[in-house]
Amino acid sequence: MRKFGAAVLRSYESPFALEEVILHSGPADGEILVRIAGCGLCRTDLAVRRSAGRSPLPAVLGHEGAGVVVETGGPDTGLSVGDHVVLSFDSCGRCRNCVGAAPAYCDSFASLNLFGGREENAARFTDAAGGGLAPRWFGQSSFAEYAMVPARNAVRVDPSLPLELLGPLGCGFLTGAGAVLNSFGVGPGDTLAVFGAGAVGLAAVMAATAAGAVTVAVDRHPERLALAERLGAIPLHAARAGPPDLPDRVRRLTDGGARYALDTTGSARLINDALLALRPTGRLGLVARLHTALPLEPGTLDRGRGIFHICEGDAVPGLLIPRLTGLWQAGRFPFDQLIRTYPLADINEAERDCDAGRVIKPVLIPEG
């Protein structure tokens with residue numbers, strides 16, 4: 001049995017509460033126990049409030065954790081006590097997509113990640129009074145001092161790296177960078193338009209710059225556009241609805257149209273603008289979840305243009321995360337410039353700052 005602090009969400013409307021929680025057993029075969037050094041706050045965590053019923057509550061959320069392995073279960077985890085790891089999403093490892101190196105499209109992705117985790121873990125994780133907590137959010141529940149994780153979710157990293165800052169490489173930064181490097185396969189001389197300069201969009205900008213692409217960043221926040229420019233993009237200001245000439249402006253900046261576009265906003269207006277900003281045969285990737293129908297204007301899919309959804313940057317985390325940390329060490333993926341740290345106890349302040357756009361990527365640091 002292990003007792004420790006965690007941020008518990010008890011209802012869809014209530015603030016997070018720092019509480020004592022209990023793990024009633026150690027790691028089973030294939031699992032590891034990780035002492036969390038830092039965990040990113042992702043908009044997917046906050047979306048639980050806006051889609052009530054998606055995740056069972058009460059729960060410990062958090063799915064961008066990084067930390068140190070303190071215990072392993074069984075001989076086949078591939079990890080050792082003391083290893084530094086970044087935690088990513090859960091997957092079954094057995095379905096066709098997992099075996100085919102597409103774990104983000106696992107047949108069980110929703111049940112393992114969005115609905116609280118594996119049912120066999122439900123009785124193992126409780127609050128101090130013995131009340132059940134949703135067993136495992138995204139295979140982690142890492143808004144806590146410790147997390148019990150399937151070893152396949154964990155990626156060993158260089159211990160010289162700033163471990164407390166690495167968690168967002170497991171989801172938000174992985175999604176933006178993976179869209180560019182994996183889904184699009186961007187290379188030198190390619191053109192890319194990124195709509196939305198938040199954490200995912202700016203990760204895409206950094207990856208595109210590292211790949212040698214010409215990138216236009218579209219956003220309504222001048223300070224985010226200034227950061228995008230420092231990271232190598234051409235800034236282009238636009239309100240969420242988009243000015244009427246936005247596609248023309250993007251085409252002028254990309255020599256007749258972008259080869260690729262990435263929408264991180266979920267705005268139907270901007271998605272249409274992004275399609276019209278593409279050159280013939282261009283491709284638009286969507287990473288935001290759409291909550292309404294997407295009407296497409298006439299002409300948006302003409303001349304070979306296409307649109308598709310991207311989950312988790314089409315990434316195999318064990319391959320992409322080391323690539324991103326290597327780029328950071330080379331000064332070519334400065335993700336730390338997007339981060340502001342908060343004590344875990346200040347999670348509600350971090351949520352307010354994130355919702356208000358005052359911070360790009362909050363990272364929560366447990367104090368235990």
# chains A, B, ... in the order shown; residues from 1 in each chain; ligands from 1
$ select_by_dssp --residues "stretch 107-326 of chain A" --states "alpha helix (DSSP H)" --output "ChimeraX atom specification"
/A:109,172-178,199-211,222-230,246-253,268-276,317-326
$ residues_around --residues "A:Val81" --least-positions-apart "4" --cutoff "6 Å" --atoms "only C-alpha atoms" --output "NGL selection string"
:A and (69-71)
$ residues_around --residues "A:Gly38" --least-positions-apart "4" --cutoff "9 Å" --atoms "only C-alpha atoms" --output "list in words"
Glu64, Gly65, Ala66, Gly67, Ser142, Phe143, Glu145, Leu163, Glu164, Leu165, Leu166, Gly167, Thr341, Leu344, Val363, Leu364, Ile365 and Pro366 of chain A
$ atom_distance --atom1 "atom CA of A:Leu246" --atom2 "atom CA of A:Leu275"
11.1 Å
$ residues_around --residues "stretch 111-113 of chain A" --least-positions-apart "5" --cutoff "7 Å" --atoms "only C-alpha atoms" --output "ChimeraX atom specification"
/A:89-91,118,137-139
$ write_last_selection --atoms "N, CA and C atoms" --output "PDB file, in the first residue's frame"
ATOM      1  N   PHE A  89       0.398   7.798 -24.051  1.00  0.00           N
ATOM      2  CA  PHE A  89      -0.943   7.231 -24.025  1.00  0.00           C
ATOM      3  C   PHE A  89      -0.900   5.699 -23.925  1.00  0.00           C
ATOM      4  N   ASP A  90      -2.034   5.128 -23.517  1.00  0.00           N
ATOM      5  CA  ASP A  90      -2.151   3.681 -23.364  1.00  0.00           C
ATOM      6  C   ASP A  90      -2.618   3.055 -24.682  1.00  0.00           C
ATOM      7  N   SER A  91      -2.280   1.802 -24.879  1.00  0.00           N
ATOM      8  CA  SER A  91      -2.728   1.032 -26.040  1.00  0.00           C
ATOM      9  C   SER A  91      -2.643  -0.442 -25.678  1.00  0.00           C
ATOM     10  N   ARG A 118      -8.201   0.733 -17.455  1.00  0.00           N
ATOM     11  CA  ARG A 118      -8.454  -0.699 -17.481  1.00  0.00           C
ATOM     12  C   ARG A 118      -9.289  -1.122 -16.275  1.00  0.00           C
ATOM     13  N   TRP A 137      -6.372   7.328 -15.957  1.00  0.00           N
ATOM     14  CA  TRP A 137      -6.638   8.247 -17.067  1.00  0.00           C
ATOM     15  C   TRP A 137      -5.451   8.212 -18.018  1.00  0.00           C
ATOM     16  N   PHE A 138      -5.703   7.882 -19.278  1.00  0.00           N
ATOM     17  CA  PHE A 138      -4.660   7.755 -20.291  1.00  0.00           C
ATOM     18  C   PHE A 138      -3.512   6.844 -19.822  1.00  0.00           C
ATOM     19  N   GLY A 139      -3.863   5.815 -19.051  1.00  0.00           N
ATOM     20  CA  GLY A 139      -2.836   4.900 -18.574  1.00  0.00           C
ATOM     21  C   GLY A 139      -1.936   5.481 -17.513  1.00  0.00           C
TER      22      GLY A 139
END
$ residues_around --residues "A:Cys95" --least-positions-apart "2" --cutoff "12 Å" --atoms "only C-alpha atoms" --output "VMD selection string"
chain A and resid 91 to 93 97 to 109
$ write_last_selection --atoms "all heavy atoms" --output "short mmCIF file (atom, residue, chain, number, x, y, z; two decimals), in the first residue's frame"
data_model
loop_
_atom_site.label_atom_id
_atom_site.label_comp_id
_atom_site.auth_asym_id
_atom_site.auth_seq_id
_atom_site.Cartn_x
_atom_site.Cartn_y
_atom_site.Cartn_z
N SER A 91 -2.28 1.80 -24.88
CA SER A 91 -2.73 1.03 -26.04
C SER A 91 -2.64 -0.44 -25.68
O SER A 91 -1.91 -0.83 -24.77
CB SER A 91 -1.88 1.35 -27.28
OG SER A 91 -0.50 1.11 -27.02
N CYS A 92 -3.38 -1.27 -26.42
CA CYS A 92 -3.46 -2.68 -26.04
C CYS A 92 -2.23 -3.46 -26.45
O CYS A 92 -1.89 -4.47 -25.84
CB CYS A 92 -4.72 -3.31 -26.63
SG CYS A 92 -4.63 -3.66 -28.40
N GLY A 93 -1.56 -3.05 -27.53
CA GLY A 93 -0.37 -3.75 -28.00
C GLY A 93 -0.66 -5.00 -28.81
O GLY A 93 0.28 -5.66 -29.29
N ASN A 97 -3.79 -2.35 -35.46
CA ASN A 97 -3.10 -1.07 -35.56
C ASN A 97 -1.89 -1.01 -34.64
O ASN A 97 -0.85 -0.46 -35.01
CB ASN A 97 -4.07 0.07 -35.26
CG ASN A 97 -4.99 0.36 -36.43
OD1 ASN A 97 -4.68 0.03 -37.57
ND2 ASN A 97 -6.14 0.95 -36.14
N CYS A 98 -2.01 -1.56 -33.43
CA CYS A 98 -0.84 -1.58 -32.54
C CYS A 98 0.28 -2.40 -33.15
O CYS A 98 1.44 -1.96 -33.17
CB CYS A 98 -1.23 -2.16 -31.18
SG CYS A 98 -2.17 -1.03 -30.12
N VAL A 99 -0.04 -3.58 -33.65
CA VAL A 99 0.99 -4.43 -34.27
C VAL A 99 1.55 -3.76 -35.51
O VAL A 99 2.72 -3.94 -35.85
CB VAL A 99 0.39 -5.82 -34.59
CG1 VAL A 99 1.37 -6.66 -35.40
CG2 VAL A 99 0.03 -6.55 -33.30
N GLY A 100 0.73 -2.93 -36.16
CA GLY A 100 1.17 -2.23 -37.37
C GLY A 100 1.81 -0.88 -37.09
O GLY A 100 1.87 -0.03 -37.97
N ALA A 101 2.31 -0.68 -35.87
CA ALA A 101 3.03 0.55 -35.49
C ALA A 101 2.15 1.79 -35.59
O ALA A 101 2.64 2.88 -35.94
CB ALA A 101 4.30 0.72 -36.33
N ALA A 102 0.87 1.63 -35.26
CA ALA A 102 -0.05 2.77 -35.20
C ALA A 102 -0.82 2.73 -33.89
O ALA A 102 -2.05 2.66 -33.87
CB ALA A 102 -0.99 2.77 -36.40
N PRO A 103 -0.13 2.79 -32.74
CA PRO A 103 -0.81 2.62 -31.45
C PRO A 103 -1.81 3.72 -31.14
O PRO A 103 -2.73 3.50 -30.35
CB PRO A 103 0.33 2.60 -30.44
CG PRO A 103 1.44 3.36 -31.10
CD PRO A 103 1.33 3.00 -32.57
N ALA A 104 -1.68 4.90 -31.74
CA ALA A 104 -2.66 5.96 -31.50
C ALA A 104 -4.03 5.61 -32.05
O ALA A 104 -5.03 6.24 -31.68
CB ALA A 104 -2.17 7.27 -32.13
N TYR A 105 -4.10 4.61 -32.92
CA TYR A 105 -5.36 4.18 -33.50
C TYR A 105 -5.74 2.79 -32.98
O TYR A 105 -6.47 2.04 -33.64
CB TYR A 105 -5.28 4.21 -35.02
CG TYR A 105 -4.88 5.58 -35.51
CD1 TYR A 105 -3.55 5.87 -35.84
CD2 TYR A 105 -5.82 6.60 -35.58
CE1 TYR A 105 -3.18 7.14 -36.25
CE2 TYR A 105 -5.44 7.88 -35.99
CZ TYR A 105 -4.13 8.14 -36.32
OH TYR A 105 -3.76 9.41 -36.71
N CYS A 106 -5.25 2.46 -31.80
CA CYS A 106 -5.58 1.21 -31.13
C CYS A 106 -7.09 1.00 -31.08
O CYS A 106 -7.85 1.94 -30.85
CB CYS A 106 -5.00 1.24 -29.71
SG CYS A 106 -5.48 -0.15 -28.65
N ASP A 107 -7.53 -0.24 -31.31
CA ASP A 107 -8.96 -0.55 -31.25
C ASP A 107 -9.56 -0.18 -29.90
O ASP A 107 -10.76 0.11 -29.81
CB ASP A 107 -9.19 -2.04 -31.51
CG ASP A 107 -8.94 -2.43 -32.96
OD1 ASP A 107 -8.77 -1.53 -33.81
OD2 ASP A 107 -8.91 -3.65 -33.24
N SER A 108 -8.75 -0.20 -28.85
CA SER A 108 -9.24 0.06 -27.49
C SER A 108 -8.83 1.44 -26.99
O SER A 108 -8.87 1.69 -25.78
CB SER A 108 -8.71 -1.01 -26.53
OG SER A 108 -9.11 -2.30 -26.94
N PHE A 109 -8.46 2.35 -27.89
CA PHE A 109 -7.93 3.65 -27.46
C PHE A 109 -8.91 4.38 -26.55
O PHE A 109 -8.53 4.88 -25.48
CB PHE A 109 -7.59 4.52 -28.67
CG PHE A 109 -6.91 5.81 -28.30
CD1 PHE A 109 -5.53 5.89 -28.26
CD2 PHE A 109 -7.64 6.95 -27.97
CE1 PHE A 109 -4.88 7.07 -27.91
CE2 PHE A 109 -7.01 8.14 -27.61
CZ PHE A 109 -5.62 8.19 -27.58
#
$ closest_residue --among "A:Asn153, A:Gln140, A:Thr300, A:Thr254" --to "A:Leu79" --atoms "only C-alpha atoms"
A:Asn153
$ residues_around --residues "stretch 178-189 of chain A" --least-positions-apart "2" --cutoff "7 Å" --atoms "only C-alpha atoms" --output "compact mmCIF listing (two decimals) with N, CA and C atoms, in the first residue's frame"
# COMPACT_ATOMS: atom_id res chain seq x y z
N LEU A 174 4.09 16.01 -28.67
CA LEU A 174 4.16 14.84 -29.54
C LEU A 174 3.16 14.97 -30.68
N THR A 175 1.95 15.47 -30.36
CA THR A 175 0.91 15.59 -31.39
C THR A 175 1.29 16.60 -32.46
N GLY A 176 1.73 17.80 -32.05
CA GLY A 176 2.09 18.81 -33.04
C GLY A 176 3.31 18.43 -33.85
N THR A 191 6.14 23.70 -47.66
CA THR A 191 5.41 24.82 -47.07
C THR A 191 4.28 24.29 -46.20
N ALA A 204 4.29 22.11 -33.67
CA ALA A 204 4.35 21.88 -35.11
C ALA A 204 5.30 22.89 -35.77
N ALA A 207 8.88 21.82 -35.06
CA ALA A 207 9.27 20.65 -35.85
C ALA A 207 9.47 21.01 -37.32
N ALA A 208 8.59 21.86 -37.85
CA ALA A 208 8.72 22.27 -39.25
C ALA A 208 10.00 23.08 -39.47
N ALA A 211 12.80 20.79 -39.60
CA ALA A 211 12.81 20.01 -40.84
C ALA A 211 13.16 20.85 -42.06
N GLY A 212 13.30 22.17 -41.91
CA GLY A 212 13.67 23.03 -43.02
C GLY A 212 12.52 23.54 -43.84
N ALA A 213 11.30 23.51 -43.30
CA ALA A 213 10.13 23.97 -44.04
C ALA A 213 9.93 25.47 -43.87
N VAL A 214 9.16 26.05 -44.78
CA VAL A 214 8.67 27.42 -44.66
C VAL A 214 7.29 27.34 -44.01
N ILE A 310 -5.77 13.57 -37.40
CA ILE A 310 -4.51 13.06 -36.87
C ILE A 310 -4.65 12.86 -35.37
N GLY A 313 -0.32 12.62 -33.24
CA GLY A 313 0.78 12.83 -34.18
C GLY A 313 1.20 11.58 -34.93
N ASP A 314 0.28 10.59 -35.06
CA ASP A 314 0.64 9.32 -35.72
C ASP A 314 1.93 8.74 -35.15
N ALA A 315 2.14 8.95 -33.86
CA ALA A 315 3.46 8.65 -33.27
C ALA A 315 3.52 7.25 -32.67
$ residues_around --residues "stretch 229-235 of chain A" --least-positions-apart "5" --cutoff "10 Å" --atoms "only C-alpha atoms" --output "MDAnalysis selection string"
chainID A and resid 192:194 197 202:203 205:210 212:219 222:224 250 253:254 332:335 337
$ closest_atom_pairs --of "stretch 127-243 of chain A" --to "stretch 12-35 of chain A" --cutoff "7 Å" --atoms "only C-alpha atoms" --output "tab-separated table"
residue	atom	partner	partner_atom	distance
A:Asp127	CA	A:Val21	CA	4.3
A:Ala128	CA	A:Val21	CA	5.3
A:Glu145	CA	A:Arg35	CA	5.9
A:Tyr146	CA	A:Arg35	CA	4.5
A:Ala147	CA	A:Val34	CA	5.3
A:Met148	CA	A:Leu33	CA	4.6
A:Val149	CA	A:Ile32	CA	5.4
A:Pro150	CA	A:Glu31	CA	4.4
A:Ala151	CA	A:Glu31	CA	5.0
$ write_last_selection --atoms "N, CA and C atoms" --output "mmCIF file, in the first residue's frame"
data_model
loop_
_atom_site.group_PDB
_atom_site.id
_atom_site.type_symbol
_atom_site.label_atom_id
_atom_site.label_comp_id
_atom_site.auth_asym_id
_atom_site.auth_seq_id
_atom_site.Cartn_x
_atom_site.Cartn_y
_atom_site.Cartn_z
ATOM 1 N N ASP A 127 -9.513 6.872 -2.712
ATOM 2 C CA ASP A 127 -9.207 8.024 -1.874
ATOM 3 C C ASP A 127 -8.939 7.549 -0.441
ATOM 4 N N ALA A 128 -8.653 8.478 0.451
ATOM 5 C CA ALA A 128 -8.256 8.107 1.811
ATOM 6 C C ALA A 128 -9.367 7.391 2.565
ATOM 7 N N GLU A 145 1.723 12.473 -7.069
ATOM 8 C CA GLU A 145 3.134 12.247 -6.742
ATOM 9 C C GLU A 145 3.659 10.948 -7.330
ATOM 10 N N TYR A 146 2.752 9.975 -7.565
ATOM 11 C CA TYR A 146 3.127 8.689 -8.158
ATOM 12 C C TYR A 146 2.085 8.290 -9.184
ATOM 13 N N ALA A 147 2.511 7.460 -10.140
ATOM 14 C CA ALA A 147 1.593 6.919 -11.132
ATOM 15 C C ALA A 147 1.962 5.469 -11.418
ATOM 16 N N MET A 148 0.943 4.611 -11.485
ATOM 17 C CA MET A 148 1.129 3.214 -11.888
ATOM 18 C C MET A 148 0.816 3.121 -13.381
ATOM 19 N N VAL A 149 1.763 2.617 -14.151
ATOM 20 C CA VAL A 149 1.700 2.778 -15.602
ATOM 21 C C VAL A 149 2.063 1.460 -16.296
ATOM 22 N N PRO A 150 1.349 1.079 -17.363
ATOM 23 C CA PRO A 150 1.851 -0.014 -18.187
ATOM 24 C C PRO A 150 3.221 0.357 -18.759
ATOM 25 N N ALA A 151 4.153 -0.562 -18.694
ATOM 26 C CA ALA A 151 5.508 -0.241 -19.135
ATOM 27 C C ALA A 151 5.547 0.181 -20.596
#
$ select_by_dssp --residues "stretch 43-125 of chain A" --states "strand (DSSP E or B)" --output "ChimeraX atom specification"
/A:59-60,65-72,84-87,125
$ write_last_selection --atoms "all heavy atoms" --output "CSV table (one decimal), in the first residue's frame"
chain,number,residue,atom,x,y,z
A,59,ALA,N,-11.9,11.2,-10.2
A,59,ALA,CA,-10.8,10.7,-10.9
A,59,ALA,C,-9.6,11.5,-10.7
A,59,ALA,O,-9.7,12.7,-10.3
A,59,ALA,CB,-11.1,10.6,-12.4
A,60,VAL,N,-8.4,11.0,-10.8
A,60,VAL,CA,-7.2,11.7,-10.9
A,60,VAL,C,-6.8,11.7,-12.4
A,60,VAL,O,-6.6,10.7,-13.1
A,60,VAL,CB,-6.0,11.0,-10.1
A,60,VAL,CG1,-4.7,11.8,-10.4
A,60,VAL,CG2,-6.4,11.0,-8.7
A,65,GLY,N,2.8,13.0,-18.0
A,65,GLY,CA,3.7,12.8,-16.9
A,65,GLY,C,5.1,12.4,-17.3
A,65,GLY,O,5.4,11.8,-18.4
A,66,ALA,N,6.1,12.8,-16.4
A,66,ALA,CA,7.5,12.3,-16.6
A,66,ALA,C,8.0,12.1,-15.2
A,66,ALA,O,7.6,12.8,-14.2
A,66,ALA,CB,8.3,13.3,-17.3
A,67,GLY,N,8.8,11.1,-15.0
A,67,GLY,CA,9.3,10.8,-13.6
A,67,GLY,C,10.4,9.7,-13.6
A,67,GLY,O,11.0,9.4,-14.7
A,68,VAL,N,10.6,9.2,-12.4
A,68,VAL,CA,11.6,8.2,-12.2
A,68,VAL,C,10.9,6.9,-11.8
A,68,VAL,O,10.1,6.8,-10.9
A,68,VAL,CB,12.6,8.6,-11.1
A,68,VAL,CG1,13.6,7.6,-10.8
A,68,VAL,CG2,13.2,10.0,-11.5
A,69,VAL,N,11.4,5.8,-12.4
A,69,VAL,CA,10.9,4.5,-12.0
A,69,VAL,C,11.3,4.1,-10.6
A,69,VAL,O,12.5,4.1,-10.3
A,69,VAL,CB,11.3,3.4,-13.0
A,69,VAL,CG1,10.8,2.0,-12.6
A,69,VAL,CG2,10.9,3.7,-14.5
A,70,VAL,N,10.4,3.8,-9.8
A,70,VAL,CA,10.7,3.4,-8.4
A,70,VAL,C,10.4,1.9,-8.1
A,70,VAL,O,10.9,1.4,-7.1
A,70,VAL,CB,10.0,4.3,-7.3
A,70,VAL,CG1,10.5,5.7,-7.5
A,70,VAL,CG2,8.5,4.2,-7.5
A,71,GLU,N,9.6,1.3,-9.0
A,71,GLU,CA,9.3,-0.2,-8.8
A,71,GLU,C,8.9,-0.7,-10.1
A,71,GLU,O,8.2,0.0,-10.9
A,71,GLU,CB,8.2,-0.3,-7.7
A,71,GLU,CG,8.0,-1.7,-7.2
A,71,GLU,CD,7.0,-1.7,-6.1
A,71,GLU,OE1,6.7,-0.7,-5.5
A,71,GLU,OE2,6.5,-2.9,-5.7
A,72,THR,N,9.2,-2.0,-10.4
A,72,THR,CA,8.8,-2.6,-11.6
A,72,THR,C,8.1,-3.9,-11.2
A,72,THR,O,8.3,-4.6,-10.2
A,72,THR,CB,10.0,-2.9,-12.5
A,72,THR,OG1,10.8,-3.9,-11.9
A,72,THR,CG2,10.8,-1.7,-12.8
A,84,HIS,N,14.8,7.3,-15.9
A,84,HIS,CA,14.0,8.4,-16.2
A,84,HIS,C,13.1,8.1,-17.4
A,84,HIS,O,13.6,7.7,-18.4
A,84,HIS,CB,14.8,9.6,-16.5
A,84,HIS,CG,15.6,10.2,-15.3
A,84,HIS,ND1,16.0,11.5,-15.2
A,84,HIS,CD2,15.9,9.6,-14.1
A,84,HIS,CE1,16.6,11.6,-14.0
A,84,HIS,NE2,16.6,10.5,-13.3
A,85,VAL,N,11.8,8.4,-17.2
A,85,VAL,CA,10.8,8.1,-18.3
A,85,VAL,C,9.9,9.2,-18.6
A,85,VAL,O,9.5,10.0,-17.7
A,85,VAL,CB,10.0,6.8,-17.9
A,85,VAL,CG1,11.0,5.6,-17.9
A,85,VAL,CG2,9.3,6.9,-16.6
A,86,VAL,N,9.4,9.3,-19.8
A,86,VAL,CA,8.3,10.1,-20.2
A,86,VAL,C,7.1,9.2,-20.5
A,86,VAL,O,7.3,8.1,-21.1
A,86,VAL,CB,8.6,10.9,-21.5
A,86,VAL,CG1,7.4,11.6,-22.0
A,86,VAL,CG2,9.7,11.9,-21.2
A,87,LEU,N,5.9,9.5,-20.0
A,87,LEU,CA,4.8,8.7,-20.1
A,87,LEU,C,3.9,9.2,-21.2
A,87,LEU,O,3.6,10.4,-21.3
A,87,LEU,CB,4.0,8.7,-18.8
A,87,LEU,CG,4.8,8.4,-17.5
A,87,LEU,CD1,3.9,8.4,-16.3
A,87,LEU,CD2,5.5,7.0,-17.6
A,125,PHE,N,-7.1,1.7,-6.7
A,125,PHE,CA,-6.8,3.1,-6.5
A,125,PHE,C,-8.0,3.7,-5.8
A,125,PHE,O,-9.1,3.8,-6.4
A,125,PHE,CB,-6.6,3.7,-7.9
A,125,PHE,CG,-5.9,5.1,-7.9
A,125,PHE,CD1,-5.1,5.5,-6.9
A,125,PHE,CD2,-6.2,5.9,-8.9
A,125,PHE,CE1,-4.5,6.7,-7.0
A,125,PHE,CE2,-5.7,7.2,-9.0
A,125,PHE,CZ,-4.8,7.6,-8.0
$ closest_residue --among "A:Ala177, A:Ala110, A:Ala345, A:Ala129" --to "A:Ala199" --atoms "only C-alpha atoms"
A:Ala177
$ atom_distance --atom1 "atom CA of A:Leu114" --atom2 "atom CA of A:Thr264"
19.5 Å
$ closest_residue --among "A:Ile307, A:Ala288, A:Ala37, A:Leu161" --to "A:Glu367" --atoms "only C-alpha atoms"
A:Ala37
$ closest_residue --among "A:Arg156, A:Arg279, A:Val200, A:Thr325" --to "A:Lys361" --atoms "only C-alpha atoms"
A:Val200
$ atom_distance --atom1 "atom CA of A:Glu312" --atom2 "atom CA of A:Ser141"
17.7 Å
